[in-house]
Each structure stands twice: as C-alpha cells, then as structure tokens.
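Right, one structure below, let's go through it.
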Amino acid sequence: MATTTCLLAAWALVAAGLFGTGLARASFAPAAVGKEQREFDYFALALQWPGTICSSTRHCCAVNGCCRKEPLHTFTIHGLWPDYDDGTWPSCCRRTSFDMDKITPLKPTLDKYWPSLYCSSSSTCFSGRGPFWAHEWEKHGTCSAPAVREELQYFSTALDLYFKYNVTEMLATGDILVSNGKEYALSDVIDTIKHAFGGSPQIICKKGSVQELRLCFTKDLKPRDCLTTSAMYKNLSKSKHCPRKISLPTYDPIVLANSTLEIVPEASANGLYFFTS
C-alpha cells in the first residue's frame with residue numbers, strides 16, 4: 001500500500017507539471033489513413049488483462065511484459081482511443097511521427113503500466129514499424145484533438161485516467177479477484193464497474209477469460225457509458241463474445257517455467273477477440 005501511495009503521489013507531481021491546473025485494434029479502419037476526419041465523440045481507455053494474453057506466450061523477448069520474472073496481476077494499458085458514437089473511429093489523423101524523446105519523463109511509468117504484451121514490433125500509420133507506444137500515438141493519439149494535441153499530453157492523460165480509475169481495485173470491491181479457477185457472472189463484473197466508475201464498460205474475451213476491458217469518457221474526461229449499439233457487433237462472430245461466466249486468470253511467466261526457452265527478437269502477435277457488453 002505504501003508503494004502504491006508513493007507511485008500515485010509521484011505521478012500526481014508529474015501530471016501537475018504537465019497540465020498546470022490539472023494490442024492492436026481490429027485491422028478494418030473506418031476512415032482512410034491521413035485524410036481529413038471529423039472530430040471524435042468520446043474516449044475509450046482500453047486496458048489489457050495480462051493473465052489471458054500472456055498464457056499464449058511461446059517465446060520471450062526483452063520488450064514483452066509477459067516475459068518479466070514477476071507475473072502481472074493488474075490490468076495494463078492498451079491505449080486511449082478517440083471513438084465515434086456510431087461505432088467507428090478515426091485513425092492516423094496527422095502525419096506526425098512518434099518521438100521517444102518527448103516522453104522520456106514518463107518512460108519508467110510507461111514501462112511498468114503500459115508495456116507491450118507481445119514480441120512483434122507494431123505497425124505505424126504510414127508503412128513503418130516501431131514500439132507499441134509509437135503505434136498508439138500515431139494511430140490514435142493524432143486523432144485526439146482538440147482535447148489532447150501533443151504526444152506527451154496523450155500519454156500523460158492516459159496514465160492519469162488509469163491511476164484515477166483503477167479497474168483492478170474496482171473489481172476487488174465486488175469480490176471479483178484474480179484467480180485461475182474462479183468464474184464470475186459477466187453481469188456482476190459489469191455492474192461492479194458501473195457502480196464504482198459511473199458508466200458501463202466494454203469487455204473483450206478470449207475463450208471465456210477477460211482479455212480487454214474498456215472505460216469510456218466524454219471529451220472532457222468525465223465517465224460515461226460505452227456503446228452497446230449494433231454497429232459494435234456487426235464484425236463479431238458469436239464465438240468471440242464473452243459467455244455468461246468469465247474469469248481473470250493468472251499465468252506463469254515462461255522465463256520461470258522454462259529458463260532454457262528460446263529468446264527471439266520478434267514473434268507474431270495474436271489476434272484480438274472483441275465483445276461489447
């Protein structure tokens with residue numbers, strides 16, 4: 001608890017200085033890359049559950065958070081996504097390349113709470129490859145104006161929301177805990193989040209386990225319901241929906257399970273399974 005308090009206090013100082021007063025998505029893109037796109041309607045903070053993703057890891061590399069000696073037992077950040085109310089989203093809105101130097105003050109925090117959970121390098125908007133953060137900034141961050149305009153502000157805003165609305169702690173208030181064997185009613189998970197957060201989440205599953213959970217915000221960063229419109233379902237098969245009972249599994253890091261396992265610089269990322277609750 002003391003460590004968490006210190007981290008939050010440290011982050012508050014960083015955020016105050018920045019504001020003064022204050023996996024990849026499915027491949028189908030709703031708008032042509034680089035063309036003028038209308039202003040977004042709301043933000044979705046996409047969070048990944050490492051226990052589901054890391055259980056599929058077969059090879060290790062330095063950039064993969066699944067390969068750390070200590071398993072991850074909390075949600076990590078996937079991205080902060082500007083979305084439209086019709087179920088689509090803008091992407092790659094400005095030809096602005098990711099610059100690692102701009103987020104140097106945040107890098108230790110990003111490494112811990114926003115790691116890549118795969119070994120492959122990520123696609124960027126204009127036929128490039130780069131780190132996970134480059135993909136998120138170029139595809140989503142460049143579409144976040146006027147609420148968020150700069151790279152450093154994009155990452156710091158996502159971190160601020162992540163710490164302020166701690167999903168792992170929210171679920172614990174409803175006795176929904178990390179466990180390999182226990183299943184929870186999907187409705188209980190949704191209701192617990194809605195009560196603590198103030199809006200209904202979106203939940204993405206893989207084989208009955210939570211893979212991703214999204215919290216949604218107005219453009220001024222106030223909690224709101226995520227969409228549950230037919231537009232969100234049209235590209236999904238029934239096999240990708242969350243069942244009535246879901247789990248938050250743990251995993252054993254493969255660096256511990258098999259210390260002689262091959263270390264590879266790159267491996268193909270697994271596809272995502274989407275469901276909107």
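Lettering and numbering for the structure tokens are positional, with chains as A, B, ... in the shown order, residues counted from 1 in each chain, and ligands counted from 1 in the shown order.
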task = Just the residues within 8 Å of range 148-158 of chain A, please, counting only C-alpha atoms, with nothing from its chain fewer than 3 positions along; format it as a list in words.
result =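 Once the nearby chain positions are removed, what remains is Ala15, Leu18, Leu45, Gly79, Leu80, Phe98, Lys102, Ile103, Leu106, Trp137, Gly141, Thr142, Ser144, Ala145, Leu161 and Tyr162 of chain A.
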Using N, CA and C atoms, can you write the selected residues to a file as a PDB file, in the first residue's frame?
```pdb
ATOM      1  N   ALA A  15       1.916  14.858 -13.337  1.00  0.00           N
ATOM      2  CA  ALA A  15       0.713  15.347 -14.008  1.00  0.00           C
ATOM      3  C   ALA A  15       0.512  16.831 -13.775  1.00  0.00           C
ATOM      4  N   LEU A  18       2.623  18.837 -15.995  1.00  0.00           N
ATOM      5  CA  LEU A  18       2.253  18.780 -17.403  1.00  0.00           C
ATOM      6  C   LEU A  18       1.010  19.605 -17.685  1.00  0.00           C
ATOM      7  N   LEU A  45     -10.662   4.206 -22.877  1.00  0.00           N
ATOM      8  CA  LEU A  45      -9.397   3.778 -22.284  1.00  0.00           C
ATOM      9  C   LEU A  45      -9.398   2.251 -22.312  1.00  0.00           C
ATOM     10  N   GLY A  79      -4.393   1.372 -24.779  1.00  0.00           N
ATOM     11  CA  GLY A  79      -4.335   2.676 -25.424  1.00  0.00           C
ATOM     12  C   GLY A  79      -5.502   3.549 -25.013  1.00  0.00           C
ATOM     13  N   LEU A  80      -5.422   4.811 -25.375  1.00  0.00           N
ATOM     14  CA  LEU A  80      -6.514   5.771 -25.185  1.00  0.00           C
ATOM     15  C   LEU A  80      -7.017   6.111 -26.575  1.00  0.00           C
ATOM     16  N   PHE A  98       6.088   9.352 -34.099  1.00  0.00           N
ATOM     17  CA  PHE A  98       6.371   9.181 -32.679  1.00  0.00           C
ATOM     18  C   PHE A  98       7.810   9.573 -32.374  1.00  0.00           C
ATOM     19  N   LYS A 102      10.256  12.738 -26.475  1.00  0.00           N
ATOM     20  CA  LYS A 102       9.209  13.592 -25.912  1.00  0.00           C
ATOM     21  C   LYS A 102       8.557  12.993 -24.668  1.00  0.00           C
ATOM     22  N   ILE A 103       8.670  11.677 -24.490  1.00  0.00           N
ATOM     23  CA  ILE A 103       8.037  11.042 -23.336  1.00  0.00           C
ATOM     24  C   ILE A 103       9.065  10.490 -22.347  1.00  0.00           C
ATOM     25  N   LEU A 106       8.204  10.108 -18.684  1.00  0.00           N
ATOM     26  CA  LEU A 106       7.186   9.106 -18.352  1.00  0.00           C
ATOM     27  C   LEU A 106       7.648   7.671 -18.580  1.00  0.00           C
ATOM     28  N   TRP A 137       0.294   6.201 -30.405  1.00  0.00           N
ATOM     29  CA  TRP A 137       0.312   7.644 -30.635  1.00  0.00           C
ATOM     30  C   TRP A 137      -0.084   7.975 -32.068  1.00  0.00           C
ATOM     31  N   GLY A 141      -3.498   8.693 -30.969  1.00  0.00           N
ATOM     32  CA  GLY A 141      -3.180   9.972 -30.349  1.00  0.00           C
ATOM     33  C   GLY A 141      -3.321  11.143 -31.297  1.00  0.00           C
ATOM     34  N   THR A 142      -2.982  10.934 -32.570  1.00  0.00           N
ATOM     35  CA  THR A 142      -3.072  12.036 -33.536  1.00  0.00           C
ATOM     36  C   THR A 142      -4.510  12.407 -33.860  1.00  0.00           C
ATOM     37  N   SER A 144      -6.822  12.769 -31.372  1.00  0.00           N
ATOM     38  CA  SER A 144      -7.392  13.134 -30.076  1.00  0.00           C
ATOM     39  C   SER A 144      -7.628  14.627 -29.896  1.00  0.00           C
ATOM     40  N   ALA A 145      -7.275  15.447 -30.881  1.00  0.00           N
ATOM     41  CA  ALA A 145      -7.504  16.887 -30.786  1.00  0.00           C
ATOM     42  C   ALA A 145      -9.009  17.175 -30.921  1.00  0.00           C
ATOM     43  N   LEU A 161      -5.793   8.850 -16.201  1.00  0.00           N
ATOM     44  CA  LEU A 161      -7.066   8.137 -16.132  1.00  0.00           C
ATOM     45  C   LEU A 161      -6.883   6.735 -15.573  1.00  0.00           C
ATOM     46  N   TYR A 162      -5.807   6.086 -15.948  1.00  0.00           N
ATOM     47  CA  TYR A 162      -5.515   4.732 -15.475  1.00  0.00           C
ATOM     48  C   TYR A 162      -5.372   4.692 -13.956  1.00  0.00           C
TER      49      TYR A 162
END
```
Can you tell me, as a tab-separated table (two decimals) with C-alpha atoms, in the first residue's frame, what residues are no more than 8 Å from Phe43 in chain A when counting only C-alpha atoms, ignoring any on the same chain fewer than 3 positions away?
```
chain	number	residue	atom	x	y	z
A	80	LEU	CA	-6.51	5.77	-25.19
A	81	TRP	CA	-8.75	5.75	-28.24
A	82	PRO	CA	-10.90	8.55	-29.68
A	83	ASP	CA	-14.13	6.96	-30.98
A	216	CYS	CA	-15.32	5.36	-21.72
A	217	PHE	CA	-15.07	9.10	-21.17
A	218	THR	CA	-16.52	12.29	-22.57
A	219	LYS	CA	-14.15	14.63	-24.36
A	221	LEU	CA	-12.67	13.17	-19.44
```
request  = Could you tell me, as a ChimeraX atom specification, which residues of range 28-269 of chain A DSSP assigns to strand (DSSP E or B) when given the backbone?
outcome  = /A:42-48,60,64,76-83,116,122-123,129-130,184-185,202-206,209-217,223-224,245-247,263
task = Would you mind listing what lies within 10 Å of Cys125 in chain A as a ChimeraX atom specification, with only C-alpha atoms counted and same-chain residues fewer than 4 positions away left out?
result = /A:33-34,91-97,129,134-140
Just all heavy atoms for this one: save the residues we selected as a short mmCIF file (atom, residue, chain, number, x, y, z; two decimals), in the first residue's frame.
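Result went into again.cif, see below:
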```cif
data_model
loop_
_atom_site.label_atom_id
_atom_site.label_comp_id
_atom_site.auth_asym_id
_atom_site.auth_seq_id
_atom_site.Cartn_x
_atom_site.Cartn_y
_atom_site.Cartn_z
N VAL A 33 -6.60 6.48 -44.14
CA VAL A 33 -5.45 6.98 -43.39
C VAL A 33 -4.98 8.31 -43.96
O VAL A 33 -4.81 8.47 -45.17
CB VAL A 33 -4.31 5.95 -43.44
CG1 VAL A 33 -3.02 6.54 -42.87
CG2 VAL A 33 -4.70 4.70 -42.67
N GLY A 34 -4.75 9.25 -43.08
CA GLY A 34 -4.15 10.51 -43.47
C GLY A 34 -5.14 11.54 -44.02
O GLY A 34 -4.77 12.68 -44.24
N SER A 91 -8.57 7.32 -37.41
CA SER A 91 -7.24 6.76 -37.24
C SER A 91 -6.23 7.49 -38.10
O SER A 91 -6.56 7.97 -39.18
CB SER A 91 -7.22 5.26 -37.57
OG SER A 91 -7.53 5.04 -38.93
N CYS A 92 -5.02 7.60 -37.59
CA CYS A 92 -3.89 8.18 -38.34
C CYS A 92 -4.26 9.54 -38.91
O CYS A 92 -4.18 9.77 -40.12
CB CYS A 92 -3.46 7.23 -39.46
SG CYS A 92 -3.00 5.58 -38.89
N CYS A 93 -4.67 10.45 -38.05
CA CYS A 93 -5.23 11.73 -38.50
C CYS A 93 -4.19 12.75 -38.93
O CYS A 93 -4.48 13.62 -39.74
CB CYS A 93 -6.10 12.32 -37.38
SG CYS A 93 -7.58 11.35 -37.02
N ARG A 94 -3.01 12.69 -38.36
CA ARG A 94 -1.96 13.64 -38.73
C ARG A 94 -0.67 12.87 -39.02
O ARG A 94 -0.37 11.89 -38.36
CB ARG A 94 -1.70 14.64 -37.60
CG ARG A 94 -2.81 15.65 -37.41
CD ARG A 94 -2.44 16.66 -36.34
NE ARG A 94 -2.57 16.12 -35.00
CZ ARG A 94 -1.64 16.21 -34.04
NH1 ARG A 94 -0.48 16.78 -34.31
NH2 ARG A 94 -1.86 15.72 -32.84
N ARG A 95 0.07 13.33 -39.98
CA ARG A 95 1.35 12.70 -40.31
C ARG A 95 2.40 13.20 -39.31
O ARG A 95 3.26 14.05 -39.61
CB ARG A 95 1.75 13.01 -41.74
CG ARG A 95 2.92 12.19 -42.25
CD ARG A 95 3.21 12.50 -43.71
NE ARG A 95 2.30 11.81 -44.61
CZ ARG A 95 2.49 10.59 -45.08
NH1 ARG A 95 3.56 9.91 -44.72
NH2 ARG A 95 1.61 10.05 -45.91
N THR A 96 2.30 12.69 -38.10
CA THR A 96 3.20 13.08 -37.02
C THR A 96 3.86 11.82 -36.47
O THR A 96 3.19 10.95 -35.92
CB THR A 96 2.41 13.78 -35.88
OG1 THR A 96 1.75 14.92 -36.42
CG2 THR A 96 3.34 14.20 -34.76
N SER A 97 5.17 11.72 -36.61
CA SER A 97 5.89 10.53 -36.18
C SER A 97 6.11 10.54 -34.67
O SER A 97 6.27 11.59 -34.05
CB SER A 97 7.25 10.45 -36.89
OG SER A 97 7.07 10.32 -38.28
N ARG A 129 7.32 0.55 -38.85
CA ARG A 129 7.24 -0.33 -37.70
C ARG A 129 7.91 0.37 -36.54
O ARG A 129 8.84 1.17 -36.72
CB ARG A 129 7.93 -1.67 -37.95
CG ARG A 129 7.48 -2.42 -39.20
CD ARG A 129 6.10 -3.01 -39.07
NE ARG A 129 6.02 -4.07 -38.09
CZ ARG A 129 4.91 -4.76 -37.83
NH1 ARG A 129 3.80 -4.46 -38.47
NH2 ARG A 129 4.91 -5.73 -36.93
N ALA A 134 4.54 3.83 -30.20
CA ALA A 134 4.51 4.54 -31.48
C ALA A 134 3.20 4.26 -32.21
O ALA A 134 2.57 5.16 -32.78
CB ALA A 134 5.70 4.12 -32.34
N HIS A 135 2.78 3.00 -32.20
CA HIS A 135 1.52 2.62 -32.83
C HIS A 135 0.35 3.37 -32.20
O HIS A 135 -0.51 3.92 -32.90
CB HIS A 135 1.31 1.11 -32.70
CG HIS A 135 -0.06 0.65 -33.12
ND1 HIS A 135 -0.37 0.34 -34.42
CD2 HIS A 135 -1.20 0.47 -32.40
CE1 HIS A 135 -1.64 -0.03 -34.49
NE2 HIS A 135 -2.17 0.04 -33.27
N GLU A 136 0.31 3.41 -30.87
CA GLU A 136 -0.81 4.04 -30.18
C GLU A 136 -0.86 5.54 -30.42
O GLU A 136 -1.93 6.11 -30.62
CB GLU A 136 -0.74 3.72 -28.68
CG GLU A 136 -0.98 2.25 -28.35
CD GLU A 136 -2.31 1.74 -28.85
OE1 GLU A 136 -3.34 2.42 -28.67
OE2 GLU A 136 -2.33 0.65 -29.46
N TRP A 137 0.29 6.20 -30.40
CA TRP A 137 0.31 7.64 -30.64
C TRP A 137 -0.08 7.97 -32.07
O TRP A 137 -0.95 8.81 -32.32
CB TRP A 137 1.67 8.25 -30.32
CG TRP A 137 1.87 9.60 -30.94
CD1 TRP A 137 2.75 9.95 -31.91
CD2 TRP A 137 1.13 10.80 -30.63
NE1 TRP A 137 2.61 11.28 -32.24
CE2 TRP A 137 1.62 11.83 -31.47
CE3 TRP A 137 0.10 11.10 -29.74
CZ2 TRP A 137 1.13 13.12 -31.43
CZ3 TRP A 137 -0.40 12.41 -29.71
CH2 TRP A 137 0.12 13.39 -30.55
N GLU A 138 0.54 7.31 -33.06
CA GLU A 138 0.30 7.68 -34.44
C GLU A 138 -1.11 7.33 -34.90
O GLU A 138 -1.75 8.11 -35.59
CB GLU A 138 1.35 7.02 -35.34
CG GLU A 138 2.75 7.57 -35.11
CD GLU A 138 3.76 7.07 -36.13
OE1 GLU A 138 3.35 6.63 -37.21
OE2 GLU A 138 4.96 7.13 -35.83
N LYS A 139 -1.62 6.15 -34.48
CA LYS A 139 -2.95 5.74 -34.92
C LYS A 139 -4.06 6.44 -34.15
O LYS A 139 -5.05 6.89 -34.74
CB LYS A 139 -3.11 4.22 -34.79
CG LYS A 139 -4.45 3.71 -35.30
CD LYS A 139 -4.53 2.20 -35.29
CE LYS A 139 -5.88 1.73 -35.86
NZ LYS A 139 -5.99 0.25 -35.88
N HIS A 140 -3.91 6.56 -32.85
CA HIS A 140 -4.99 7.08 -32.00
C HIS A 140 -4.71 8.48 -31.45
O HIS A 140 -5.59 9.33 -31.44
CB HIS A 140 -5.26 6.11 -30.85
CG HIS A 140 -5.62 4.74 -31.30
ND1 HIS A 140 -6.79 4.45 -31.95
CD2 HIS A 140 -4.95 3.55 -31.20
CE1 HIS A 140 -6.84 3.15 -32.24
NE2 HIS A 140 -5.74 2.59 -31.79
#
```
ask   = Closest to Tyr84 in chain A among A:Cys205, A:Cys143, A:Ile193, A:Ile254, using only C-alpha atoms?
value = A:Cys143
request  = Within range 32-236 of chain A, find each residue whose DSSP state, derived from the backbone, is helix (DSSP H, G or I), and express the selection as a VMD selection string.
outcome  = chain A and resid 50 to 54 65 to 67 100 to 113 132 to 139 141 to 143 151 to 164 167 to 173 186 to 197 230 to 232
key: Residue nearest Met170 in chain A - candidates A:Pro253, A:Pro50, A:Gly198, A:Gly65, atoms counted: only C-alpha atoms   =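 With only C-alpha atoms as the atom set, the closest residue is A:Gly198.
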ask   = What is the distance between CA of Ser187 in chain A and CA of Ser200 in chain A, in Å to one decimal?
value = 10.6 Å
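For the residues A:Gly128, A:Asp220, A:His241, A:Tyr113, ranking by smallest atom-to-atom distance to Pro146 in chain A using only C-alpha atoms places A:Asp220 first.
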task = To one decimal in Å, tell me the separation between CA of Ser209 in chain A and CA of Ile246 in chain A.
result =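 Distance between the two atoms: 5.3 Å.
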